[in-house]
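Novice: File final26.pdb below, PDB, C-alpha atoms, pLDDT in the B column:
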```pdb
MODEL        1
ATOM      1  CA  MET A   1      29.086   8.585 -17.436  1.00 45.00           C
ATOM      2  CA  THR A   2      25.789   9.391 -15.671  1.00 44.00           C
ATOM      3  CA  PRO A   3      26.035  10.702 -12.084  1.00 45.00           C
ATOM      4  CA  PRO A   4      24.516   8.311  -9.465  1.00 44.00           C
ATOM      5  CA  ALA A   5      21.765  10.783  -8.527  1.00 43.00           C
ATOM      6  CA  GLN A   6      20.484  10.712 -12.104  1.00 41.00           C
ATOM      7  CA  THR A   7      20.560   6.960 -12.682  1.00 41.00           C
ATOM      8  CA  GLU A   8      17.172   5.331 -12.750  1.00 42.00           C
ATOM      9  CA  HIS A   9      16.119   2.680 -10.288  1.00 47.00           C
ATOM     10  CA  ARG A  10      14.063  -0.343 -11.382  1.00 47.00           C
ATOM     11  CA  ARG A  11      10.697   1.449 -11.025  1.00 49.00           C
ATOM     12  CA  GLY A  12      11.771   4.680 -12.718  1.00 50.00           C
ATOM     13  CA  ARG A  13      12.670   6.499  -9.516  1.00 52.00           C
ATOM     14  CA  PRO A  14      16.064   8.078  -8.996  1.00 55.00           C
ATOM     15  CA  ALA A  15      18.364   5.679  -7.158  1.00 60.00           C
ATOM     16  CA  GLY A  16      19.827   8.476  -5.015  1.00 69.00           C
ATOM     17  CA  ARG A  17      22.070   8.131  -2.016  1.00 76.00           C
ATOM     18  CA  LYS A  18      20.859   6.065   0.924  1.00 79.00           C
ATOM     19  CA  ASP A  19      22.125   7.790   4.034  1.00 85.00           C
ATOM     20  CA  ASP A  20      19.256   7.422   6.497  1.00 90.00           C
ATOM     21  CA  VAL A  21      18.240   4.361   8.532  1.00 91.00           C
ATOM     22  CA  ILE A  22      14.732   3.044   9.209  1.00 92.00           C
ATOM     23  CA  GLN A  23      14.397   0.350  11.865  1.00 93.00           C
ATOM     24  CA  ILE A  24      11.290  -1.768  12.426  1.00 93.00           C
ATOM     25  CA  ARG A  25      10.370  -4.795  14.501  1.00 95.00           C
ATOM     26  CA  ALA A  26       8.095  -7.503  13.160  1.00 95.00           C
ATOM     27  CA  SER A  27       6.733 -10.837  14.297  1.00 96.00           C
ATOM     28  CA  VAL A  28       8.320 -14.009  12.953  1.00 96.00           C
ATOM     29  CA  GLU A  29       5.172 -14.658  10.887  1.00 96.00           C
ATOM     30  CA  THR A  30       5.207 -11.189   9.329  1.00 96.00           C
ATOM     31  CA  LYS A  31       8.889 -11.461   8.476  1.00 97.00           C
ATOM     32  CA  ALA A  32       8.278 -14.853   6.866  1.00 97.00           C
ATOM     33  CA  VAL A  33       5.494 -13.448   4.671  1.00 97.00           C
ATOM     34  CA  LEU A  34       7.649 -10.475   3.672  1.00 97.00           C
ATOM     35  CA  ASN A  35      10.614 -12.740   2.925  1.00 97.00           C
ATOM     36  CA  ARG A  36       8.456 -14.983   0.762  1.00 97.00           C
ATOM     37  CA  ALA A  37       7.079 -12.042  -1.200  1.00 97.00           C
ATOM     38  CA  ALA A  38      10.551 -10.518  -1.637  1.00 97.00           C
ATOM     39  CA  THR A  39      11.875 -13.825  -2.941  1.00 97.00           C
ATOM     40  CA  LEU A  40       9.003 -14.092  -5.413  1.00 97.00           C
ATOM     41  CA  ARG A  41       9.871 -10.614  -6.711  1.00 96.00           C
ATOM     42  CA  GLY A  42      13.588 -11.376  -6.830  1.00 97.00           C
ATOM     43  CA  GLN A  43      14.369  -8.630  -4.321  1.00 97.00           C
ATOM     44  CA  LYS A  44      16.273  -8.364  -1.074  1.00 97.00           C
ATOM     45  CA  LEU A  45      13.987  -8.132   1.958  1.00 97.00           C
ATOM     46  CA  SER A  46      14.936  -4.518   2.729  1.00 95.00           C
ATOM     47  CA  GLU A  47      14.435  -3.491  -0.913  1.00 96.00           C
ATOM     48  CA  PHE A  48      11.011  -5.152  -1.011  1.00 97.00           C
ATOM     49  CA  ILE A  49       9.897  -3.541   2.255  1.00 97.00           C
ATOM     50  CA  LEU A  50      11.089  -0.090   1.217  1.00 96.00           C
ATOM     51  CA  ASP A  51       9.498  -0.334  -2.259  1.00 96.00           C
ATOM     52  CA  SER A  52       6.215  -1.568  -0.772  1.00 97.00           C
ATOM     53  CA  ALA A  53       6.135   1.078   1.952  1.00 97.00           C
ATOM     54  CA  ARG A  54       6.938   3.851  -0.516  1.00 96.00           C
ATOM     55  CA  ARG A  55       4.213   2.673  -2.924  1.00 95.00           C
ATOM     56  CA  GLN A  56       1.683   2.598  -0.061  1.00 95.00           C
ATOM     57  CA  ALA A  57       2.782   6.048   1.118  1.00 95.00           C
ATOM     58  CA  GLU A  58       2.402   7.490  -2.377  1.00 93.00           C
ATOM     59  CA  GLU A  59      -1.078   5.946  -2.720  1.00 90.00           C
ATOM     60  CA  THR A  60      -2.069   7.370   0.667  1.00 91.00           C
ATOM     61  CA  ILE A  61      -0.878  10.830  -0.290  1.00 91.00           C
ATOM     62  CA  LEU A  62      -2.595  10.673  -3.677  1.00 87.00           C
ATOM     63  CA  ASP A  63      -5.791   9.470  -2.003  1.00 85.00           C
ATOM     64  CA  GLN A  64      -6.154  12.835  -0.287  1.00 85.00           C
ATOM     65  CA  ARG A  65      -8.057  14.337  -3.168  1.00 79.00           C
ATOM     66  CA  THR A  66     -10.513  17.164  -3.331  1.00 79.00           C
ATOM     67  CA  PHE A  67     -13.696  16.642  -5.263  1.00 80.00           C
ATOM     68  CA  PHE A  68     -16.636  18.904  -5.918  1.00 88.00           C
ATOM     69  CA  LEU A  69     -20.317  18.023  -6.090  1.00 93.00           C
ATOM     70  CA  ASP A  70     -23.407  19.940  -7.048  1.00 95.00           C
ATOM     71  CA  ALA A  71     -25.947  20.523  -4.247  1.00 96.00           C
ATOM     72  CA  ARG A  72     -28.083  17.453  -5.086  1.00 97.00           C
ATOM     73  CA  SER A  73     -25.101  15.086  -5.344  1.00 96.00           C
ATOM     74  CA  HIS A  74     -23.672  16.505  -2.120  1.00 95.00           C
ATOM     75  CA  THR A  75     -26.919  15.748  -0.289  1.00 96.00           C
ATOM     76  CA  GLN A  76     -26.951  12.188  -1.700  1.00 96.00           C
ATOM     77  CA  PHE A  77     -23.308  11.706  -0.716  1.00 95.00           C
ATOM     78  CA  LEU A  78     -23.947  12.834   2.872  1.00 95.00           C
ATOM     79  CA  SER A  79     -26.981  10.569   3.065  1.00 96.00           C
ATOM     80  CA  MET A  80     -24.891   7.584   1.947  1.00 95.00           C
ATOM     81  CA  LEU A  81     -22.300   8.388   4.609  1.00 95.00           C
ATOM     82  CA  ASP A  82     -24.991   8.739   7.291  1.00 96.00           C
ATOM     83  CA  HIS A  83     -26.809   5.558   6.229  1.00 95.00           C
ATOM     84  CA  PRO A  84     -24.303   3.041   4.797  1.00 93.00           C
ATOM     85  CA  ALA A  85     -25.564  -0.097   3.088  1.00 91.00           C
ATOM     86  CA  LYS A  86     -25.805  -3.199   5.286  1.00 92.00           C
ATOM     87  CA  PRO A  87     -23.161  -5.872   4.624  1.00 93.00           C
ATOM     88  CA  THR A  88     -24.447  -8.865   2.694  1.00 95.00           C
ATOM     89  CA  THR A  89     -24.104 -12.476   3.844  1.00 94.00           C
ATOM     90  CA  GLU A  90     -21.443 -13.007   1.158  1.00 94.00           C
ATOM     91  CA  LEU A  91     -19.430 -10.007   2.339  1.00 93.00           C
ATOM     92  CA  ARG A  92     -19.533 -11.219   5.952  1.00 94.00           C
ATOM     93  CA  ALA A  93     -18.383 -14.697   4.873  1.00 93.00           C
ATOM     94  CA  ARG A  94     -15.470 -13.209   2.928  1.00 91.00           C
ATOM     95  CA  ALA A  95     -14.466 -11.046   5.898  1.00 91.00           C
ATOM     96  CA  ARG A  96     -14.245 -14.142   8.128  1.00 92.00           C
ATOM     97  CA  ARG A  97     -12.138 -16.091   5.600  1.00 92.00           C
ATOM     98  CA  LYS A  98      -8.447 -16.671   6.306  1.00 88.00           C
ATOM     99  CA  PRO A  99      -6.136 -14.799   3.894  1.00 85.00           C
ATOM    100  CA  SER A 100      -4.639 -17.039   1.202  1.00 83.00           C
ATOM    101  CA  TRP A 101      -1.093 -16.420   2.472  1.00 82.00           C
ATOM    102  CA  GLU A 102      -2.057 -17.942   5.871  1.00 81.00           C
ATOM    103  CA  ARG A 103      -3.646 -21.147   4.515  1.00 74.00           C
TER     104      ARG A 103
ENDMDL
END
```
Please rewrite the model in this file as structure tokens.
Specialist:
Amino acid sequence: MTPPAQTEHRRGRPAGRKDDVIQIRASVETKAVLNRAATLRGQKLSEFILDSARRQAEETILDQRTFFLDARSHTQFLSMLDHPAKPTTELRARARRKPSWER
């Protein structure tokens, strides 16, 4: 028999013991969206929220990368940061659009 700490969870992570509590407050609308998404995934609400939050946390941590540029590329990179491209009409229209889950 495999010990509980070594059993694999659905996404390949160790199931582990759950002995800590996280409490959050959300609007009725946010909870409804989360409930809908959890149902579509066949998960309990708490499982969906925890999986989603963990995935986002891992992406955030992995996003903190170091990269190296030669002198010319570094200058171009800084110039792009100092002078970003102007948003197009299409981009502005998309930014004003209601998200599909609110339609």
Novice: Give the answer as one residue: which of A:Trp101, A:Asp19, A:Phe67, A:Ala95 has the shortest atom-to-atom distance to Leu34 of chain A, using all atoms listed in the file?
Specialist: A:Trp101
Novice: Could you tell me which residues the PyMOL selection byres ((chain A and resi 50) around 12) returns for this structure, as JSON, numbers by chain?
Specialist: {"A": [18, 21, 22, 23, 24, 34, 38, 43, 44, 45, 46, 47, 48, 49, 51, 52, 53, 54, 55, 56, 57]}
Novice: Where's the centre, and what are the edge lengths in Å to one decimal, of a box along x, y and z enclosing all listed atoms of segment 34-48 of chain A padded 5 Å per side, as JSON?
Specialist:
```
{"center_x": 11.7, "center_y": -9.2, "center_z": -1.6, "size_x": 19.2, "size_y": 21.5, "size_z": 20.5}
```
Novice: Atom CA of Phe77 of chain A and atom CA of Ala93 of chain A are how many Å apart?
Specialist: 27.4 Å
Novice: Work out how far apart atom CA of Glu29 of chain A and atom CA of Gly42 of chain A are and give it in Å to one decimal.
Specialist: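 Result for atom CA of Glu29 of chain A versus atom CA of Gly42 of chain A: 19.9 Å, one decimal.
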